[in-house]
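With TSV, N, CA and C atoms inside, this is upload_2.tsv:
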```tsv
chain	number	residue	atom	x	y	z
A	1	MET	N	0.85	-1.18	0.00
A	1	MET	CA	0.00	0.00	0.00
A	1	MET	C	0.90	1.24	0.00
A	2	SER	N	0.70	2.12	-0.95
A	2	SER	CA	1.49	3.34	-1.00
A	2	SER	C	0.82	4.42	-0.15
A	3	ARG	N	1.63	5.20	0.50
A	3	ARG	CA	1.13	6.28	1.34
A	3	ARG	C	1.44	7.60	0.67
A	4	VAL	N	0.42	8.42	0.54
A	4	VAL	CA	0.59	9.75	-0.02
A	4	VAL	C	0.61	10.71	1.15
A	5	PHE	N	1.76	11.31	1.40
A	5	PHE	CA	1.88	12.24	2.51
A	5	PHE	C	1.35	13.61	2.12
A	6	VAL	N	0.52	14.15	2.97
A	6	VAL	CA	0.00	15.50	2.80
A	6	VAL	C	0.89	16.46	3.56
A	7	CYS	N	1.22	16.10	4.79
A	7	CYS	CA	2.05	16.93	5.66
A	7	CYS	C	3.35	16.20	5.97
A	8	SER	N	4.42	16.66	5.37
A	8	SER	CA	5.72	16.03	5.59
A	8	SER	C	6.26	16.33	6.99
A	9	CYS	N	5.91	17.49	7.52
A	9	CYS	CA	6.43	17.88	8.83
A	9	CYS	C	6.00	16.92	9.93
A	10	PHE	N	4.75	16.45	9.87
A	10	PHE	CA	4.23	15.57	10.91
A	10	PHE	C	3.88	14.17	10.39
A	11	GLY	N	4.21	13.88	9.13
A	11	GLY	CA	3.98	12.56	8.57
A	11	GLY	C	2.51	12.18	8.46
A	12	ILE	N	1.66	13.16	8.13
A	12	ILE	CA	0.22	12.94	8.01
A	12	ILE	C	-0.10	12.55	6.57
A	13	THR	N	-0.80	11.44	6.41
A	13	THR	CA	-1.13	10.95	5.08
A	13	THR	C	-2.49	11.47	4.62
A	14	GLU	N	-2.72	11.33	3.33
A	14	GLU	CA	-4.01	11.70	2.74
A	14	GLU	C	-5.13	10.90	3.39
A	15	GLN	N	-4.87	9.63	3.65
A	15	GLN	CA	-5.87	8.76	4.27
A	15	GLN	C	-6.23	9.27	5.68
A	16	GLN	N	-5.25	9.74	6.44
A	16	GLN	CA	-5.52	10.26	7.77
A	16	GLN	C	-6.37	11.53	7.71
A	17	VAL	N	-6.05	12.40	6.76
A	17	VAL	CA	-6.84	13.63	6.60
A	17	VAL	C	-8.27	13.27	6.24
A	18	LYS	N	-8.44	12.33	5.33
A	18	LYS	CA	-9.80	11.92	4.93
A	18	LYS	C	-10.56	11.32	6.12
A	19	LYS	N	-9.87	10.61	6.99
A	19	LYS	CA	-10.51	10.05	8.18
A	19	LYS	C	-11.03	11.17	9.08
A	20	HIS	N	-10.25	12.22	9.24
A	20	HIS	CA	-10.69	13.36	10.05
A	20	HIS	C	-11.86	14.09	9.40
A	21	VAL	N	-11.86	14.16	8.08
A	21	VAL	CA	-12.98	14.77	7.36
A	21	VAL	C	-14.25	13.94	7.59
A	22	GLU	N	-14.12	12.63	7.49
A	22	GLU	CA	-15.26	11.75	7.76
A	22	GLU	C	-15.73	11.88	9.20
A	23	GLY	N	-14.79	12.20	10.10
A	23	GLY	CA	-15.12	12.39	11.50
A	23	GLY	C	-15.74	13.74	11.81
A	24	GLY	N	-15.80	14.61	10.79
A	24	GLY	CA	-16.48	15.88	10.98
A	24	GLY	C	-15.66	17.13	10.78
A	25	ALA	N	-14.38	17.00	10.52
A	25	ALA	CA	-13.55	18.18	10.29
A	25	ALA	C	-13.98	18.85	8.99
A	26	CYS	N	-14.19	20.16	9.04
A	26	CYS	CA	-14.70	20.88	7.87
A	26	CYS	C	-13.76	21.98	7.38
A	27	SER	N	-12.66	22.19	8.07
A	27	SER	CA	-11.76	23.27	7.69
A	27	SER	C	-10.31	22.86	7.97
A	28	PRO	N	-9.36	23.54	7.32
A	28	PRO	CA	-7.96	23.25	7.61
A	28	PRO	C	-7.63	23.45	9.09
A	29	ARG	N	-8.27	24.38	9.73
A	29	ARG	CA	-8.04	24.62	11.16
A	29	ARG	C	-8.48	23.42	11.99
A	30	GLN	N	-9.61	22.82	11.63
A	30	GLN	CA	-10.08	21.64	12.36
A	30	GLN	C	-9.18	20.43	12.09
A	31	ILE	N	-8.66	20.32	10.88
A	31	ILE	CA	-7.70	19.26	10.58
A	31	ILE	C	-6.45	19.48	11.43
A	32	ALA	N	-5.99	20.72	11.52
A	32	ALA	CA	-4.81	21.03	12.32
A	32	ALA	C	-5.03	20.69	13.79
A	33	SER	N	-6.22	20.96	14.29
A	33	SER	CA	-6.54	20.63	15.69
A	33	SER	C	-6.54	19.13	15.91
A	34	ALA	N	-6.94	18.39	14.91
A	34	ALA	CA	-7.04	16.94	15.04
A	34	ALA	C	-5.70	16.23	14.92
A	35	CYS	N	-4.80	16.75	14.05
A	35	CYS	CA	-3.56	15.98	13.80
A	35	CYS	C	-2.31	16.84	13.58
A	36	LYS	N	-2.39	18.14	13.74
A	36	LYS	CA	-1.28	19.09	13.59
A	36	LYS	C	-0.90	19.40	12.15
A	37	ALA	N	-1.49	18.72	11.18
A	37	ALA	CA	-1.15	18.99	9.78
A	37	ALA	C	-1.43	20.45	9.45
A	38	GLY	N	-0.45	21.10	8.85
A	38	GLY	CA	-0.60	22.49	8.45
A	38	GLY	C	-0.14	23.49	9.49
A	39	THR	N	0.36	23.02	10.63
A	39	THR	CA	0.73	23.95	11.69
A	39	THR	C	2.21	24.27	11.75
A	40	ASP	N	3.04	23.63	10.94
A	40	ASP	CA	4.47	23.92	10.99
A	40	ASP	C	4.86	24.84	9.83
A	41	CYS	N	5.22	24.29	8.70
A	41	CYS	CA	5.66	25.14	7.59
A	41	CYS	C	4.49	25.69	6.78
A	42	GLY	N	3.35	25.01	6.82
A	42	GLY	CA	2.15	25.50	6.13
A	42	GLY	C	2.06	25.14	4.66
A	43	SER	N	3.05	24.43	4.13
A	43	SER	CA	3.02	24.13	2.70
A	43	SER	C	1.91	23.14	2.32
A	44	CYS	N	1.32	22.44	3.29
A	44	CYS	CA	0.30	21.45	2.98
A	44	CYS	C	-1.13	22.00	3.09
A	45	VAL	N	-1.28	23.24	3.50
A	45	VAL	CA	-2.62	23.78	3.73
A	45	VAL	C	-3.46	23.77	2.46
A	46	ARG	N	-2.87	24.09	1.33
A	46	ARG	CA	-3.63	24.07	0.07
A	46	ARG	C	-4.07	22.66	-0.29
A	47	ARG	N	-3.23	21.69	-0.03
A	47	ARG	CA	-3.60	20.28	-0.30
A	47	ARG	C	-4.73	19.85	0.63
A	48	ILE	N	-4.67	20.28	1.88
A	48	ILE	CA	-5.74	19.96	2.84
A	48	ILE	C	-7.04	20.59	2.37
A	49	GLN	N	-6.98	21.84	1.91
A	49	GLN	CA	-8.17	22.51	1.39
A	49	GLN	C	-8.74	21.74	0.20
A	50	ALA	N	-7.87	21.24	-0.66
A	50	ALA	CA	-8.33	20.47	-1.82
A	50	ALA	C	-9.02	19.17	-1.37
A	51	LEU	N	-8.48	18.53	-0.35
A	51	LEU	CA	-9.10	17.30	0.16
A	51	LEU	C	-10.45	17.59	0.81
A	52	LEU	N	-10.58	18.74	1.43
A	52	LEU	CA	-11.85	19.11	2.04
A	52	LEU	C	-12.90	19.39	0.98
A	53	GLY	N	-12.48	19.89	-0.17
A	53	GLY	CA	-13.39	20.17	-1.26
A	53	GLY	C	-14.21	21.42	-1.01
A	54	ARG	N	-15.07	21.69	-1.91
A	54	ARG	CA	-15.90	22.90	-1.82
A	54	ARG	C	-17.34	22.58	-1.45
A	55	GLY	N	-17.62	21.32	-1.18
A	55	GLY	CA	-18.98	20.91	-0.84
A	55	GLY	C	-19.37	21.38	0.55
A	56	ALA	N	-20.63	21.19	0.86
A	56	ALA	CA	-21.15	21.58	2.17
A	56	ALA	C	-20.54	20.67	3.24
A	57	CYS	N	-20.30	21.26	4.37
A	57	CYS	CA	-19.78	20.51	5.51
A	57	CYS	C	-20.89	19.61	6.03
A	58	PRO	N	-20.63	18.31	6.19
A	58	PRO	CA	-21.69	17.41	6.64
A	58	PRO	C	-22.21	17.74	8.03
A	59	ARG	N	-21.42	18.42	8.82
A	59	ARG	CA	-21.85	18.77	10.17
A	59	ARG	C	-21.76	20.29	10.38
A	60	GLY	N	-21.96	21.02	9.31
A	60	GLY	CA	-21.85	22.47	9.35
A	60	GLY	C	-22.76	23.12	10.36
A	61	GLU	N	-23.96	22.59	10.51
A	61	GLU	CA	-24.89	23.18	11.48
A	61	GLU	C	-24.35	23.03	12.90
A	62	LEU	N	-23.74	21.91	13.20
A	62	LEU	CA	-23.16	21.71	14.53
A	62	LEU	C	-22.01	22.69	14.77
A	63	VAL	N	-21.19	22.89	13.74
A	63	VAL	CA	-20.07	23.82	13.86
A	63	VAL	C	-20.60	25.23	14.10
A	64	ASP	N	-21.65	25.61	13.36
A	64	ASP	CA	-22.23	26.94	13.54
A	64	ASP	C	-22.77	27.15	14.94
A	65	GLN	N	-23.22	26.07	15.58
A	65	GLN	CA	-23.76	26.15	16.93
A	65	GLN	C	-22.67	26.04	17.99
A	66	GLY	N	-21.43	25.84	17.57
A	66	GLY	CA	-20.31	25.75	18.50
A	66	GLY	C	-20.08	24.36	19.07
A	67	ALA	N	-20.75	23.34	18.53
A	67	ALA	CA	-20.58	21.98	19.03
A	67	ALA	C	-19.27	21.39	18.51
A	68	SER	N	-18.68	20.52	19.29
A	68	SER	CA	-17.46	19.83	18.88
A	68	SER	C	-17.82	18.71	17.92
A	69	VAL	N	-17.22	18.72	16.74
A	69	VAL	CA	-17.50	17.68	15.76
A	69	VAL	C	-16.36	16.69	15.67
A	70	LEU	N	-15.29	16.90	16.42
A	70	LEU	CA	-14.13	16.03	16.35
A	70	LEU	C	-14.07	15.08	17.54
A	71	SER	N	-15.04	15.08	18.40
A	71	SER	CA	-14.98	14.27	19.61
A	71	SER	C	-15.00	12.77	19.32
A	72	SER	N	-15.50	12.35	18.18
A	72	SER	CA	-15.58	10.93	17.88
A	72	SER	C	-14.29	10.37	17.28
A	73	ILE	N	-13.33	11.22	16.99
A	73	ILE	CA	-12.07	10.76	16.42
A	73	ILE	C	-11.23	10.14	17.52
A	74	ASP	N	-10.50	9.10	17.20
A	74	ASP	CA	-9.74	8.33	18.18
A	74	ASP	C	-8.75	9.16	18.99
A	75	GLU	N	-8.15	10.17	18.39
A	75	GLU	CA	-7.17	10.97	19.09
A	75	GLU	C	-7.87	11.90	20.07
A	76	PRO	N	-7.43	11.94	21.34
A	76	PRO	CA	-8.08	12.83	22.31
A	76	PRO	C	-7.80	14.29	21.99
A	77	ALA	N	-8.77	15.12	22.23
A	77	ALA	CA	-8.60	16.55	22.03
A	77	ALA	C	-7.71	17.10	23.13
A	78	LEU	N	-7.09	18.22	22.88
A	78	LEU	CA	-6.25	18.84	23.89
A	78	LEU	C	-7.06	19.12	25.13
A	79	GLY	N	-6.53	18.78	26.26
A	79	GLY	CA	-7.18	19.07	27.52
A	79	GLY	C	-8.11	17.97	28.02
A	80	GLU	N	-8.45	17.01	27.18
A	80	GLU	CA	-9.37	15.95	27.61
A	80	GLU	C	-8.77	15.12	28.72
A	81	SER	N	-7.48	14.78	28.61
A	81	SER	CA	-6.86	13.94	29.63
A	81	SER	C	-6.82	14.66	30.96
A	82	ALA	N	-6.61	15.97	30.94
A	82	ALA	CA	-6.60	16.73	32.18
A	82	ALA	C	-7.98	16.76	32.82
A	83	LEU	N	-9.01	16.83	31.99
A	83	LEU	CA	-10.38	16.81	32.50
A	83	LEU	C	-10.70	15.46	33.12
A	84	GLU	N	-10.24	14.38	32.48
A	84	GLU	CA	-10.48	13.04	32.99
A	84	GLU	C	-9.77	12.83	34.32
A	85	GLU	N	-8.54	13.36	34.44
A	85	GLU	CA	-7.78	13.20	35.67
A	85	GLU	C	-8.42	13.97	36.82
A	86	ALA	N	-9.04	15.10	36.51
A	86	ALA	CA	-9.66	15.92	37.53
A	86	ALA	C	-10.95	15.30	38.06
A	87	ALA	N	-11.58	14.45	37.25
A	87	ALA	CA	-12.87	13.85	37.64
A	87	ALA	C	-12.75	12.73	38.60
```
Any chance you could put this one into structure tokens?
Amino acid sequence: MSRVFVCSCFGITEQQVKKHVEGGACSPRQIASACKAGTDCGSCVRRIQALLGRGACPRGELVDQGASVLSSIDEPALGESALEEAA
């Protein structure tokens, strides 16, 4: 299986970005929050935008309401472990 890297800085593949999109990420910023892609040199941001496409966000209404759409992705969001430890 060949891997197409989108983000060389963090070793993020096209397949990983697509997984985050399926999980609800609708913008390069949400992809960056999920896996850091696009946060170092920035050369992959245009490729991430192309993978996101120009279609409607499947969870756009949730995003507009301020709901977290990335909570179902396997990687914990920043601060989740601290919240779990405090509980």
Exercise: Val6 of chain A partners within 8 Å, all atoms listed in the file, chain neighbours under 4 positions left out, as a VMD selection string
chain A and resid 10 to 15 17 37 to 38 43 to 45 47 to 48
Taking 6 positions as the minimum chain separation for residues in the same chain, which residues sit within 8 Å of Val21 of chain A when counting all atoms listed in the file? Answer as a list in words.
Gln15, Ser27, Gln30, Ile31, Leu51, Leu52 and Pro58 of chain A
How big is the axis-aligned box around the listed atoms of segment 22-33 of chain A once 4 Å is added on each side, and where is its centre? Give both in Å to one decimal, as lines of an AutoDock Vina configuration file.
```
center_x = -10.6
center_y = 18.2
center_z = 11.6
size_x = 19.7
size_y = 20.9
size_z = 16.6
```
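Atom CA of Arg54 of chain A is found 25.2 Å from atom CA of Cys9 of chain A.
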Please, what distance in Å, to one decimal, runs between atom N of Ser33 of chain A and atom C of Arg3 of chain A?
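Here the two named atoms are 20.6 Å from each other.
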